[in-house]
$ cat work02.json   # JSON, C-alpha atoms
[["chain", "number", "residue", "atom", "x", "y", "z"],
["A", 1, "MET", "CA", -1.54, 55.41, -47.23],
["A", 2, "LEU", "CA", -1.45, 54.03, -43.68],
["A", 3, "ARG", "CA", -3.44, 50.98, -44.73],
["A", 4, "THR", "CA", -1.06, 50.28, -47.65],
["A", 5, "GLY", "CA", 1.97, 50.54, -45.36],
["A", 6, "ALA", "CA", 0.43, 48.08, -42.92],
["A", 7, "VAL", "CA", -0.15, 45.59, -45.72],
["A", 8, "VAL", "CA", 3.48, 45.91, -46.85],
["A", 9, "ILE", "CA", 4.73, 45.36, -43.28],
["A", 10, "LEU", "CA", 2.48, 42.32, -42.83],
["A", 11, "LEU", "CA", 3.61, 40.79, -46.12],
["A", 12, "SER", "CA", 7.24, 41.39, -45.22],
["A", 13, "PHE", "CA", 6.73, 39.62, -41.89],
["A", 14, "LEU", "CA", 5.09, 36.65, -43.60],
["A", 15, "VAL", "CA", 7.96, 36.37, -46.10],
["A", 16, "VAL", "CA", 10.59, 36.53, -43.33],
["A", 17, "TYR", "CA", 8.69, 34.15, -41.05],
["A", 18, "GLY", "CA", 8.07, 31.75, -43.93],
["A", 19, "GLY", "CA", 11.75, 31.75, -44.84],
["A", 20, "VAL", "CA", 12.90, 31.13, -41.29],
["A", 21, "ASN", "CA", 10.25, 28.46, -40.89],
["A", 22, "PHE", "CA", 11.53, 26.71, -44.01],
["A", 23, "VAL", "CA", 15.09, 26.75, -42.69],
["A", 24, "ALA", "CA", 13.98, 25.36, -39.32],
["A", 25, "TYR", "CA", 11.92, 22.65, -40.96],
["A", 26, "ARG", "CA", 14.62, 21.77, -43.46],
["A", 27, "TYR", "CA", 17.61, 21.65, -41.16],
["A", 28, "SER", "CA", 16.16, 20.93, -37.71],
["A", 29, "SER", "CA", 15.25, 17.29, -38.06],
["A", 30, "SER", "CA", 15.87, 14.66, -35.38],
["A", 31, "PRO", "CA", 18.40, 12.07, -36.64],
["A", 32, "ARG", "CA", 17.35, 9.52, -34.00],
["A", 33, "SER", "CA", 14.76, 8.91, -31.34],
["A", 34, "VAL", "CA", 15.59, 10.39, -27.94],
["A", 35, "ASP", "CA", 13.78, 10.98, -24.65],
["A", 36, "VAL", "CA", 13.98, 14.52, -23.30],
["A", 37, "ARG", "CA", 13.32, 15.34, -19.64],
["A", 38, "VAL", "CA", 11.79, 18.73, -18.90],
["A", 39, "GLU", "CA", 12.50, 19.48, -15.25],
["A", 40, "GLU", "CA", 10.59, 21.70, -12.84],
["A", 41, "GLY", "CA", 11.64, 25.34, -13.30],
["A", 42, "GLU", "CA", 13.43, 24.88, -16.64],
["A", 43, "ASP", "CA", 12.85, 27.59, -19.24],
["A", 44, "PHE", "CA", 12.58, 26.94, -22.94],
["A", 45, "SER", "CA", 16.09, 28.19, -23.61],
["A", 46, "GLN", "CA", 17.46, 25.35, -21.47],
["A", 47, "ILE", "CA", 15.23, 22.86, -23.28],
["A", 48, "ALA", "CA", 16.50, 24.11, -26.64],
["A", 49, "ASP", "CA", 20.07, 23.69, -25.39],
["A", 50, "LYS", "CA", 19.30, 20.06, -24.47],
["A", 51, "LEU", "CA", 17.83, 19.36, -27.89],
["A", 52, "TYR", "CA", 20.82, 20.99, -29.59],
["A", 53, "ASP", "CA", 23.31, 19.01, -27.48],
["A", 54, "LEU", "CA", 21.44, 15.81, -28.34],
["A", 55, "GLY", "CA", 21.67, 16.66, -32.03],
["A", 56, "VAL", "CA", 17.89, 16.87, -32.36],
["A", 57, "VAL", "CA", 17.90, 20.45, -33.69],
["A", 58, "SER", "CA", 20.78, 21.98, -35.62],
["A", 59, "HIS", "CA", 19.73, 25.64, -35.38],
["A", 60, "LYS", "CA", 18.73, 26.28, -31.78],
["A", 61, "GLU", "CA", 18.34, 30.07, -32.20],
["A", 62, "LEU", "CA", 15.85, 29.56, -35.02],
["A", 63, "PHE", "CA", 14.15, 26.86, -32.93],
["A", 64, "ARG", "CA", 13.83, 29.24, -29.96],
["A", 65, "TRP", "CA", 12.54, 32.00, -32.23],
["A", 66, "GLU", "CA", 9.85, 29.80, -33.71],
["A", 67, "ALA", "CA", 8.87, 28.65, -30.20],
["A", 68, "ARG", "CA", 8.43, 32.29, -29.16],
["A", 69, "VAL", "CA", 6.33, 33.08, -32.22],
["A", 70, "ARG", "CA", 4.07, 30.06, -31.60],
["A", 71, "GLY", "CA", 3.95, 30.63, -27.86],
["A", 72, "THR", "CA", 5.36, 27.17, -27.22],
["A", 73, "ASP", "CA", 8.01, 28.58, -24.88],
["A", 74, "ARG", "CA", 5.24, 29.53, -22.44],
["A", 75, "ARG", "CA", 3.38, 26.19, -22.61],
["A", 76, "VAL", "CA", 5.89, 23.45, -21.89],
["A", 77, "HIS", "CA", 4.80, 21.06, -19.15],
["A", 78, "VAL", "CA", 7.28, 19.13, -17.01],
["A", 79, "GLY", "CA", 7.73, 15.49, -17.96],
["A", 80, "VAL", "CA", 9.51, 13.18, -20.37],
["A", 81, "TYR", "CA", 8.92, 13.56, -24.10],
["A", 82, "ARG", "CA", 9.83, 11.12, -26.89],
["A", 83, "ILE", "CA", 11.32, 12.88, -29.92],
["A", 84, "ASP", "CA", 11.09, 10.40, -32.77],
["A", 85, "GLU", "CA", 13.55, 10.07, -35.61],
["A", 86, "GLY", "CA", 12.80, 12.37, -38.51],
["A", 87, "MET", "CA", 10.71, 14.86, -36.51],
["A", 88, "ARG", "CA", 10.99, 18.40, -37.86],
["A", 89, "ALA", "CA", 11.14, 21.47, -35.63],
["A", 90, "SER", "CA", 7.42, 22.06, -36.01],
["A", 91, "ASP", "CA", 6.68, 18.44, -35.01],
["A", 92, "ILE", "CA", 8.86, 18.77, -31.91],
["A", 93, "LEU", "CA", 7.16, 22.00, -30.86],
["A", 94, "GLU", "CA", 3.76, 20.40, -31.42],
["A", 95, "THR", "CA", 4.83, 17.51, -29.15],
["A", 96, "PHE", "CA", 5.47, 20.01, -26.36],
["A", 97, "GLU", "CA", 2.33, 22.04, -27.06],
["A", 98, "GLU", "CA", 0.05, 19.01, -26.92],
["A", 99, "LYS", "CA", 1.77, 17.61, -23.81],
["A", 100, "ARG", "CA", 2.50, 14.24, -25.42],
["A", 101, "LEU", "CA", 4.19, 12.97, -22.30],
["A", 102, "LEU", "CA", 5.64, 9.49, -22.09],
["A", 103, "THR", "CA", 3.63, 7.26, -19.79],
["A", 104, "PHE", "CA", 4.83, 4.45, -17.57],
["A", 105, "LEU", "CA", 3.26, 1.47, -15.85],
["A", 106, "LEU", "CA", 3.32, 1.33, -12.04],
["A", 107, "THR", "CA", 2.04, -1.80, -10.31],
["A", 108, "ILE", "CA", 0.82, -2.03, -6.73],
["A", 109, "ILE", "CA", 0.78, -5.71, -5.81],
["A", 110, "GLU", "CA", -2.08, -7.29, -3.85],
["A", 111, "GLY", "CA", -1.15, -7.73, -0.21],
["A", 112, "THR", "CA", 1.27, -4.78, -0.15],
["A", 113, "ARG", "CA", 1.35, -2.77, 3.06],
["A", 114, "LEU", "CA", 0.71, 0.97, 2.92],
["A", 115, "SER", "CA", 4.24, 1.60, 4.21],
["A", 116, "ASP", "CA", 5.57, -0.34, 1.21],
["A", 117, "VAL", "CA", 3.29, 1.61, -1.14],
["A", 118, "ARG", "CA", 4.75, 4.82, 0.24],
["A", 119, "ARG", "CA", 8.30, 3.58, -0.33],
["A", 120, "LEU", "CA", 7.46, 2.48, -3.88],
["A", 121, "VAL", "CA", 5.97, 5.85, -4.78],
["A", 122, "GLU", "CA", 8.80, 7.81, -3.15],
["A", 123, "GLU", "CA", 11.43, 5.80, -5.05],
["A", 124, "THR", "CA", 9.72, 5.91, -8.45],
["A", 125, "PRO", "CA", 11.89, 8.26, -10.56],
["A", 126, "PHE", "CA", 9.23, 9.30, -13.08],
["A", 127, "LEU", "CA", 7.01, 10.77, -10.35],
["A", 128, "ARG", "CA", 7.67, 14.12, -8.69],
["A", 129, "GLY", "CA", 6.91, 16.14, -5.60],
["A", 130, "PRO", "CA", 6.42, 15.21, -1.94],
["A", 131, "ILE", "CA", 3.81, 12.96, -0.37],
["A", 132, "ARG", "CA", 1.83, 15.27, 1.90],
["A", 133, "LYS", "CA", -0.69, 12.71, 3.10],
["A", 134, "MET", "CA", -0.88, 8.95, 2.71],
["A", 135, "PRO", "CA", -4.28, 7.56, 1.67],
["A", 136, "ARG", "CA", -6.24, 5.22, 3.90],
["A", 137, "ALA", "CA", -6.18, 2.58, 1.16],
["A", 138, "VAL", "CA", -5.18, 2.17, -2.48],
["A", 139, "LEU", "CA", -6.35, -0.24, -5.14],
["A", 140, "PRO", "CA", -3.71, -2.84, -6.03],
["A", 141, "GLU", "CA", -3.47, -2.88, -9.80],
["A", 142, "THR", "CA", -1.30, -1.64, -12.67],
["A", 143, "TYR", "CA", -1.65, 2.09, -13.29],
["A", 144, "ARG", "CA", -0.64, 4.09, -16.34],
["A", 145, "VAL", "CA", 1.20, 7.12, -15.02],
["A", 146, "SER", "CA", 2.23, 10.24, -16.93],
["A", 147, "SER", "CA", 5.89, 11.09, -16.54],
["A", 148, "PHE", "CA", 6.46, 13.51, -13.68],
["A", 149, "GLU", "CA", 2.91, 13.15, -12.38],
["A", 150, "LYS", "CA", 2.83, 14.45, -8.82],
["A", 151, "ARG", "CA", 3.19, 11.70, -6.23],
["A", 152, "GLN", "CA", 0.30, 13.04, -4.19],
["A", 153, "ASN", "CA", -1.96, 13.18, -7.25],
["A", 154, "PHE", "CA", -1.15, 9.54, -8.08],
["A", 155, "LEU", "CA", -1.92, 8.39, -4.52],
["A", 156, "ASP", "CA", -5.15, 10.39, -4.45],
["A", 157, "ARG", "CA", -6.18, 8.72, -7.71],
["A", 158, "ALA", "CA", -5.34, 5.25, -6.38],
["A", 159, "GLU", "CA", -7.37, 5.97, -3.24],
["A", 160, "ARG", "CA", -10.38, 7.16, -5.23],
["A", 161, "ASP", "CA", -10.20, 4.01, -7.36],
["A", 162, "PHE", "CA", -10.11, 1.84, -4.26],
["A", 163, "TYR", "CA", -13.14, 3.38, -2.56],
["A", 164, "ARG", "CA", -15.12, 3.35, -5.80],
["A", 165, "VAL", "CA", -14.47, -0.41, -6.12],
["A", 166, "LEU", "CA", -15.12, -1.00, -2.41],
["A", 167, "GLY", "CA", -18.43, 0.90, -2.62],
["A", 168, "ASP", "CA", -19.58, -1.16, -5.61],
["A", 169, "ILE", "CA", -18.68, -4.44, -3.90],
["A", 170, "TRP", "CA", -20.32, -3.39, -0.62],
["A", 171, "LYS", "CA", -23.60, -2.86, -2.45],
["A", 172, "LYS", "CA", -23.44, -6.43, -3.83],
["A", 173, "ARG", "CA", -22.57, -8.12, -0.52],
["A", 174, "ASP", "CA", -24.49, -11.09, 0.80],
["A", 175, "LYS", "CA", -27.15, -10.27, 3.37],
["A", 176, "GLY", "CA", -26.51, -11.30, 6.95],
["A", 177, "LEU", "CA", -22.74, -10.82, 6.96],
["A", 178, "PRO", "CA", -21.28, -9.97, 10.41],
["A", 179, "LEU", "CA", -19.86, -6.78, 8.94],
["A", 180, "LYS", "CA", -21.41, -3.39, 9.69],
["A", 181, "THR", "CA", -19.42, -1.07, 7.43],
["A", 182, "PRO", "CA", -17.35, -1.08, 4.23],
["A", 183, "HIS", "CA", -14.30, -0.50, 6.46],
["A", 184, "GLU", "CA", -14.90, -3.81, 8.22],
["A", 185, "LEU", "CA", -15.17, -5.53, 4.85],
["A", 186, "LEU", "CA", -11.84, -3.93, 3.89],
["A", 187, "VAL", "CA", -10.17, -5.11, 7.11],
["A", 188, "LEU", "CA", -11.37, -8.71, 6.76],
["A", 189, "ALA", "CA", -10.45, -8.75, 3.06],
["A", 190, "SER", "CA", -6.92, -7.70, 4.01],
["A", 191, "VAL", "CA", -6.68, -10.72, 6.33],
["A", 192, "VAL", "CA", -7.95, -13.04, 3.59],
["A", 193, "GLU", "CA", -5.42, -11.50, 1.18],
["A", 194, "LYS", "CA", -2.54, -12.34, 3.49],
["A", 195, "GLU", "CA", -3.84, -15.82, 4.38],
["A", 196, "THR", "CA", -3.97, -17.20, 0.85],
["A", 197, "ALA", "CA", -2.65, -16.31, -2.57],
["A", 198, "ARG", "CA", -4.80, -18.93, -4.27],
["A", 199, "GLU", "CA", -7.75, -17.63, -6.22],
["A", 200, "ASP", "CA", -9.72, -20.85, -5.70],
["A", 201, "GLU", "CA", -9.41, -20.61, -1.90],
["A", 202, "ARG", "CA", -10.28, -17.01, -1.12],
["A", 203, "ARG", "CA", -14.04, -17.43, -0.82],
["A", 204, "LEU", "CA", -13.58, -20.52, 1.34],
["A", 205, "VAL", "CA", -11.10, -18.78, 3.65],
["A", 206, "ALA", "CA", -13.51, -15.84, 3.86],
["A", 207, "GLY", "CA", -16.31, -18.29, 4.70],
["A", 208, "VAL", "CA", -14.28, -19.69, 7.61],
["A", 209, "PHE", "CA", -13.67, -16.22, 9.05],
["A", 210, "VAL", "CA", -17.32, -15.25, 8.63],
["A", 211, "ASN", "CA", -18.32, -18.43, 10.48],
["A", 212, "ARG", "CA", -15.93, -17.60, 13.31],
["A", 213, "LEU", "CA", -17.21, -14.04, 13.60],
["A", 214, "ASN", "CA", -20.81, -15.27, 13.66],
["A", 215, "ARG", "CA", -19.96, -17.66, 16.50],
["A", 216, "LYS", "CA", -17.99, -14.99, 18.43],
["A", 217, "MET", "CA", -14.80, -17.01, 17.97],
["A", 218, "ARG", "CA", -11.44, -15.29, 17.68],
["A", 219, "LEU", "CA", -10.03, -15.15, 14.15],
["A", 220, "GLN", "CA", -6.63, -16.52, 15.25],
["A", 221, "SER", "CA", -4.92, -15.30, 12.09],
["A", 222, "ASP", "CA", -1.12, -15.35, 12.05],
["A", 223, "PRO", "CA", -0.77, -12.48, 9.51],
["A", 224, "THR", "CA", -2.55, -10.07, 11.87],
["A", 225, "VAL", "CA", -0.04, -10.87, 14.63],
["A", 226, "LEU", "CA", 2.87, -10.42, 12.22],
["A", 227, "TYR", "CA", 1.49, -7.05, 11.16],
["A", 228, "GLY", "CA", 1.18, -5.96, 14.79],
["A", 229, "LEU", "CA", 4.78, -6.96, 15.53],
["A", 230, "LYS", "CA", 6.00, -4.87, 12.59],
["A", 231, "LYS", "CA", 3.79, -1.86, 13.26],
["A", 232, "THR", "CA", 4.21, -1.73, 17.04],
["A", 233, "TYR", "CA", 7.73, -3.05, 17.58],
["A", 234, "GLY", "CA", 9.40, -2.85, 14.18],
["A", 235, "ILE", "CA", 9.91, -6.62, 14.22],
["A", 236, "GLU", "CA", 9.77, -8.26, 10.78],
["A", 237, "LYS", "CA", 9.07, -12.01, 10.96],
["A", 238, "SER", "CA", 7.55, -14.68, 8.74],
["A", 239, "VAL", "CA", 6.97, -17.40, 11.37],
["A", 240, "LEU", "CA", 5.35, -16.88, 14.77],
["A", 241, "THR", "CA", 6.40, -18.34, 18.10],
["A", 242, "LYS", "CA", 4.24, -19.00, 21.15],
["A", 243, "ALA", "CA", 5.77, -15.90, 22.74],
["A", 244, "ASP", "CA", 4.63, -13.78, 19.77],
["A", 245, "ILE", "CA", 1.07, -15.06, 20.10],
["A", 246, "ALA", "CA", 1.08, -14.15, 23.80],
["A", 247, "ILE", "CA", 1.86, -10.47, 23.11],
["A", 248, "GLU", "CA", -0.97, -8.06, 23.87],
["A", 249, "SER", "CA", -1.78, -6.10, 20.73],
["A", 250, "PRO", "CA", -4.89, -4.74, 19.00],
["A", 251, "TYR", "CA", -3.74, -6.77, 15.98],
["A", 252, "ASN", "CA", -3.29, -10.04, 17.86],
["A", 253, "THR", "CA", -6.41, -11.93, 16.84],
["A", 254, "TYR", "CA", -5.45, -14.76, 19.17],
["A", 255, "LYS", "CA", -6.13, -12.28, 21.98],
["A", 256, "ILE", "CA", -8.79, -9.87, 20.71],
["A", 257, "LYS", "CA", -12.31, -10.67, 19.61],
["A", 258, "GLY", "CA", -13.45, -9.50, 16.23],
["A", 259, "LEU", "CA", -11.40, -7.61, 13.67],
["A", 260, "PRO", "CA", -8.15, -5.66, 14.03],
["A", 261, "PRO", "CA", -8.61, -1.88, 13.88],
["A", 262, "GLU", "CA", -7.20, -1.36, 10.39],
["A", 263, "PRO", "CA", -6.32, -3.33, 7.25],
["A", 264, "ILE", "CA", -3.07, -5.26, 7.52],
["A", 265, "ALA", "CA", -2.43, -5.02, 3.76],
["A", 266, "MET", "CA", -4.04, -3.73, 0.59],
["A", 267, "PRO", "CA", -6.49, -6.38, -0.66],
["A", 268, "GLY", "CA", -7.22, -6.81, -4.33],
["A", 269, "ARG", "CA", -10.67, -7.01, -5.92],
["A", 270, "SER", "CA", -10.72, -10.80, -5.58],
["A", 271, "SER", "CA", -10.31, -10.73, -1.78],
["A", 272, "LEU", "CA", -12.86, -7.93, -1.42],
["A", 273, "GLU", "CA", -15.38, -9.91, -3.46],
["A", 274, "ALA", "CA", -14.57, -13.10, -1.51],
["A", 275, "VAL", "CA", -15.48, -11.41, 1.78],
["A", 276, "ALA", "CA", -18.59, -9.79, 0.32],
["A", 277, "MET", "CA", -19.77, -13.12, -1.12],
["A", 278, "PRO", "CA", -18.04, -15.86, 0.93],
["A", 279, "GLU", "CA", -18.44, -19.56, 0.29],
["A", 280, "ASP", "CA", -21.17, -21.28, 2.28],
["A", 281, "THR", "CA", -19.19, -23.75, 4.39],
["A", 282, "ASP", "CA", -19.27, -25.55, 7.74],
["A", 283, "ALA", "CA", -15.51, -25.17, 8.17],
["A", 284, "LEU", "CA", -14.19, -23.28, 11.17],
["A", 285, "TYR", "CA", -10.46, -23.98, 10.82],
["A", 286, "PHE", "CA", -7.74, -24.20, 8.21],
["A", 287, "VAL", "CA", -4.01, -24.86, 8.15],
["A", 288, "ALA", "CA", -1.40, -24.84, 5.40],
["A", 289, "ASP", "CA", -0.97, -28.09, 3.49],
["A", 290, "GLY", "CA", 2.67, -27.43, 2.59],
["A", 291, "GLU", "CA", 1.91, -27.20, -1.13],
["A", 292, "GLY", "CA", 0.65, -23.62, -1.35],
["A", 293, "GLY", "CA", -2.89, -24.39, -0.25],
["A", 294, "HIS", "CA", -4.77, -25.23, 2.95],
["A", 295, "ARG", "CA", -6.66, -28.08, 4.62],
["A", 296, "PHE", "CA", -10.02, -27.08, 6.05],
["A", 297, "ALA", "CA", -11.81, -28.62, 9.04],
["A", 298, "ARG", "CA", -15.21, -28.40, 10.74],
["A", 299, "THR", "CA", -14.05, -29.53, 14.19],
["A", 300, "LEU", "CA", -11.06, -28.83, 16.40],
["A", 301, "LYS", "CA", -10.24, -32.53, 16.47],
["A", 302, "GLU", "CA", -10.07, -32.66, 12.68],
["A", 303, "HIS", "CA", -8.06, -29.45, 12.60],
["A", 304, "ASN", "CA", -5.49, -30.77, 15.09],
["A", 305, "ARG", "CA", -5.06, -33.83, 12.92],
["A", 306, "ASN", "CA", -4.38, -31.57, 9.92],
["A", 307, "VAL", "CA", -1.85, -29.60, 11.98],
["A", 308, "ARG", "CA", 0.01, -32.79, 12.94],
["A", 309, "LEU", "CA", 0.02, -33.88, 9.32],
["A", 310, "TYR", "CA", 1.47, -30.53, 8.24],
["A", 311, "ARG", "CA", 4.22, -30.68, 10.89],
["A", 312, "ARG", "CA", 5.12, -34.25, 9.99],
["A", 313, "ASN", "CA", 5.48, -33.45, 6.32],
["A", 314, "ASN", "CA", 7.28, -30.14, 6.75]]

$ encode --input "work02.json" --output "structure tokens"
Amino acid sequence: MLRTGAVVILLSFLVVYGGVNFVAYRYSSSPRSVDVRVEEGEDFSQIADKLYDLGVVSHKELFRWEARVRGTDRRVHVGVYRIDEGMRASDILETFEEKRLLTFLLTIIEGTRLSDVRRLVEETPFLRGPIRKMPRAVLPETYRVSSFEKRQNFLDRAERDFYRVLGDIWKKRDKGLPLKTPHELLVLASVVEKETAREDERRLVAGVFVNRLNRKMRLQSDPTVLYGLKKTYGIEKSVLTKADIAIESPYNTYKIKGLPPEPIAMPGRSSLEAVAMPEDTDALYFVADGEGGHRFARTLKEHNRNVRLYRRNN
């Protein structure tokens, strides 16, 4: 008798649930595509209210009930979800259950300073949470980011990507480079990144700097001085004066020998590879040609002539 009663109760539940499910499926259908933001701390009742207000579901109590039965109300992850036109209630709940979050593209440009990376990540609205610790370096590239991904998680991922790439390139480096560690390769690549934006020049610029390091010559790179002015004094400039070059700074490569203590920007793969495998050249100097490139010289006399030519034409 007990067993028969249990079967009757179970069948009754299935009939009721099936009927409610039919009503939800039939009448809770999205009339248009909308994006729904699920915020930190929101419960499913609030989410159902949003969907009802947007006209996505027409019977929010039935929608909430079905979510409780399926357990969806306990498994909604923060983020942005796309509810497509024509989706039934069951489709919408499945979207939440399977965490079909919208993704976005976030680009870190080659040559960006870490301070600018921090600002970019802090101001990106589809990321969430605080930045607890800035990475030592990040890989400049375009990332696909899940909506509401934690800012710290994104930065940690970008740092891991960078050091994986740096490690691979370090293993392939030319023998005999005046660089003792991957960090030194990173620092020099950051200088190359800021010196030229031309793909066809990077290995040649790297070759000049490698030659200078081998000969114990100072790098005399303007971008390192500019970085030092910004970091130490908060001075943002694009053109140096003689007074700037005279300032004592660990980043003033007109004053110090060797490399600055840290990267002055985030170099891309191309600059890292250029430093690891620089062009074999006799050049020791280069100066802008006024057309986006540079003129290279083997001697100081030749270099000074190139400088005069640049000043005359600009």

$ closest_residue --input "work02.json" --among "A:Arg308, A:Arg151, A:Arg113, A:Arg157" --to "Ile131 (chain A)" --atoms "all atoms listed in the file"
A:Arg151

$ residues_around --input "work02.json" --residues "region 205-207 of chain A" --least-positions-apart "4" --cutoff "12 Å" --atoms "all atoms listed in the file" --output "PDB file with C-alpha atoms, in the coordinates of the input"
ATOM      1  CA  ASP A 174     -24.490 -11.090   0.800  1.00  0.00           C
ATOM      2  CA  LEU A 177     -22.740 -10.820   6.960  1.00  0.00           C
ATOM      3  CA  PRO A 178     -21.280  -9.970  10.410  1.00  0.00           C
ATOM      4  CA  LEU A 185     -15.170  -5.530   4.850  1.00  0.00           C
ATOM      5  CA  VAL A 187     -10.170  -5.110   7.110  1.00  0.00           C
ATOM      6  CA  LEU A 188     -11.370  -8.710   6.760  1.00  0.00           C
ATOM      7  CA  ALA A 189     -10.450  -8.750   3.060  1.00  0.00           C
ATOM      8  CA  SER A 190      -6.920  -7.700   4.010  1.00  0.00           C
ATOM      9  CA  VAL A 191      -6.680 -10.720   6.330  1.00  0.00           C
ATOM     10  CA  VAL A 192      -7.950 -13.040   3.590  1.00  0.00           C
ATOM     11  CA  GLU A 193      -5.420 -11.500   1.180  1.00  0.00           C
ATOM     12  CA  LYS A 194      -2.540 -12.340   3.490  1.00  0.00           C
ATOM     13  CA  GLU A 195      -3.840 -15.820   4.380  1.00  0.00           C
ATOM     14  CA  THR A 196      -3.970 -17.200   0.850  1.00  0.00           C
ATOM     15  CA  ALA A 197      -2.650 -16.310  -2.570  1.00  0.00           C
ATOM     16  CA  ARG A 198      -4.800 -18.930  -4.270  1.00  0.00           C
ATOM     17  CA  GLU A 199      -7.750 -17.630  -6.220  1.00  0.00           C
ATOM     18  CA  ASP A 200      -9.720 -20.850  -5.700  1.00  0.00           C
ATOM     19  CA  GLU A 201      -9.410 -20.610  -1.900  1.00  0.00           C
ATOM     20  CA  ASN A 211     -18.320 -18.430  10.480  1.00  0.00           C
ATOM     21  CA  ARG A 212     -15.930 -17.600  13.310  1.00  0.00           C
ATOM     22  CA  LEU A 213     -17.210 -14.040  13.600  1.00  0.00           C
ATOM     23  CA  ASN A 214     -20.810 -15.270  13.660  1.00  0.00           C
ATOM     24  CA  LEU A 219     -10.030 -15.150  14.150  1.00  0.00           C
ATOM     25  CA  SER A 221      -4.920 -15.300  12.090  1.00  0.00           C
ATOM     26  CA  SER A 270     -10.720 -10.800  -5.580  1.00  0.00           C
ATOM     27  CA  SER A 271     -10.310 -10.730  -1.780  1.00  0.00           C
ATOM     28  CA  LEU A 272     -12.860  -7.930  -1.420  1.00  0.00           C
ATOM     29  CA  GLU A 273     -15.380  -9.910  -3.460  1.00  0.00           C
ATOM     30  CA  ALA A 274     -14.570 -13.100  -1.510  1.00  0.00           C
ATOM     31  CA  VAL A 275     -15.480 -11.410   1.780  1.00  0.00           C
ATOM     32  CA  ALA A 276     -18.590  -9.790   0.320  1.00  0.00           C
ATOM     33  CA  MET A 277     -19.770 -13.120  -1.120  1.00  0.00           C
ATOM     34  CA  PRO A 278     -18.040 -15.860   0.930  1.00  0.00           C
ATOM     35  CA  GLU A 279     -18.440 -19.560   0.290  1.00  0.00           C
ATOM     36  CA  ASP A 280     -21.170 -21.280   2.280  1.00  0.00           C
ATOM     37  CA  THR A 281     -19.190 -23.750   4.390  1.00  0.00           C
ATOM     38  CA  ASP A 282     -19.270 -25.550   7.740  1.00  0.00           C
ATOM     39  CA  ALA A 283     -15.510 -25.170   8.170  1.00  0.00           C
ATOM     40  CA  LEU A 284     -14.190 -23.280  11.170  1.00  0.00           C
ATOM     41  CA  TYR A 285     -10.460 -23.980  10.820  1.00  0.00           C
ATOM     42  CA  PHE A 286      -7.740 -24.200   8.210  1.00  0.00           C
ATOM     43  CA  VAL A 287      -4.010 -24.860   8.150  1.00  0.00           C
ATOM     44  CA  ALA A 288      -1.400 -24.840   5.400  1.00  0.00           C
ATOM     45  CA  GLY A 293      -2.890 -24.390  -0.250  1.00  0.00           C
ATOM     46  CA  HIS A 294      -4.770 -25.230   2.950  1.00  0.00           C
ATOM     47  CA  ARG A 295      -6.660 -28.080   4.620  1.00  0.00           C
ATOM     48  CA  PHE A 296     -10.020 -27.080   6.050  1.00  0.00           C
ATOM     49  CA  ALA A 297     -11.810 -28.620   9.040  1.00  0.00           C
ATOM     50  CA  ARG A 298     -15.210 -28.400  10.740  1.00  0.00           C
TER      51      ARG A 298
END

$ closest_atom_pairs --input "work02.json" --of "region 97-206 of chain A" --to "region 38-55 of chain A" --cutoff "12 Å" --atoms "only C-alpha atoms" --output "JSON lines"
{"residue": "A:Lys99", "atom": "CA", "partner": "A:Val38", "partner_atom": "CA", "distance": 11.2}
{"residue": "A:Leu101", "atom": "CA", "partner": "A:Val38", "partner_atom": "CA", "distance": 10.1}
{"residue": "A:Leu102", "atom": "CA", "partner": "A:Val38", "partner_atom": "CA", "distance": 11.5}
{"residue": "A:Phe126", "atom": "CA", "partner": "A:Glu39", "partner_atom": "CA", "distance": 10.9}
{"residue": "A:Leu127", "atom": "CA", "partner": "A:Glu39", "partner_atom": "CA", "distance": 11.4}
{"residue": "A:Arg128", "atom": "CA", "partner": "A:Glu40", "partner_atom": "CA", "distance": 9.1}
{"residue": "A:Gly129", "atom": "CA", "partner": "A:Glu40", "partner_atom": "CA", "distance": 9.8}
{"residue": "A:Ser147", "atom": "CA", "partner": "A:Val38", "partner_atom": "CA", "distance": 9.9}
{"residue": "A:Phe148", "atom": "CA", "partner": "A:Glu39", "partner_atom": "CA", "distance": 8.6}
{"residue": "A:Glu149", "atom": "CA", "partner": "A:Glu40", "partner_atom": "CA", "distance": 11.5}
{"residue": "A:Lys150", "atom": "CA", "partner": "A:Glu40", "partner_atom": "CA", "distance": 11.4}

$ closest_atom_pairs --input "work02.json" --of "region 58-166 of chain A" --to "region 241-262 of chain A" --cutoff "12 Å" --atoms "all atoms listed in the file" --output "CSV"
residue,atom,partner,partner_atom,distance
A:Arg113,CA,A:Glu262,CA,11.3
A:Leu114,CA,A:Glu262,CA,11.1
A:Arg136,CA,A:Glu262,CA,9.3
A:Ala137,CA,A:Glu262,CA,10.1

$ write_last_selection --input "work02.json" --atoms "C-alpha atoms" --output "mmCIF file, in the coordinates of the input"
data_model
loop_
_atom_site.group_PDB
_atom_site.id
_atom_site.type_symbol
_atom_site.label_atom_id
_atom_site.label_comp_id
_atom_site.auth_asym_id
_atom_site.auth_seq_id
_atom_site.Cartn_x
_atom_site.Cartn_y
_atom_site.Cartn_z
ATOM 1 C CA ARG A 113 1.350 -2.770 3.060
ATOM 2 C CA LEU A 114 0.710 0.970 2.920
ATOM 3 C CA ARG A 136 -6.240 5.220 3.900
ATOM 4 C CA ALA A 137 -6.180 2.580 1.160
#

$ atom_distance --input "work02.json" --atom1 "CA of Pro140 (chain A)" --atom2 "CA of Glu159 (chain A)"
9.9 Å

$ residues_around --input "work02.json" --residues "Ile235 (chain A)" --least-positions-apart "5" --cutoff "12 Å" --atoms "all atoms listed in the file" --output "list in words"
Val225, Leu226, Tyr227, Gly228, Leu229, Lys230, Leu240 and Asp244 of chain A
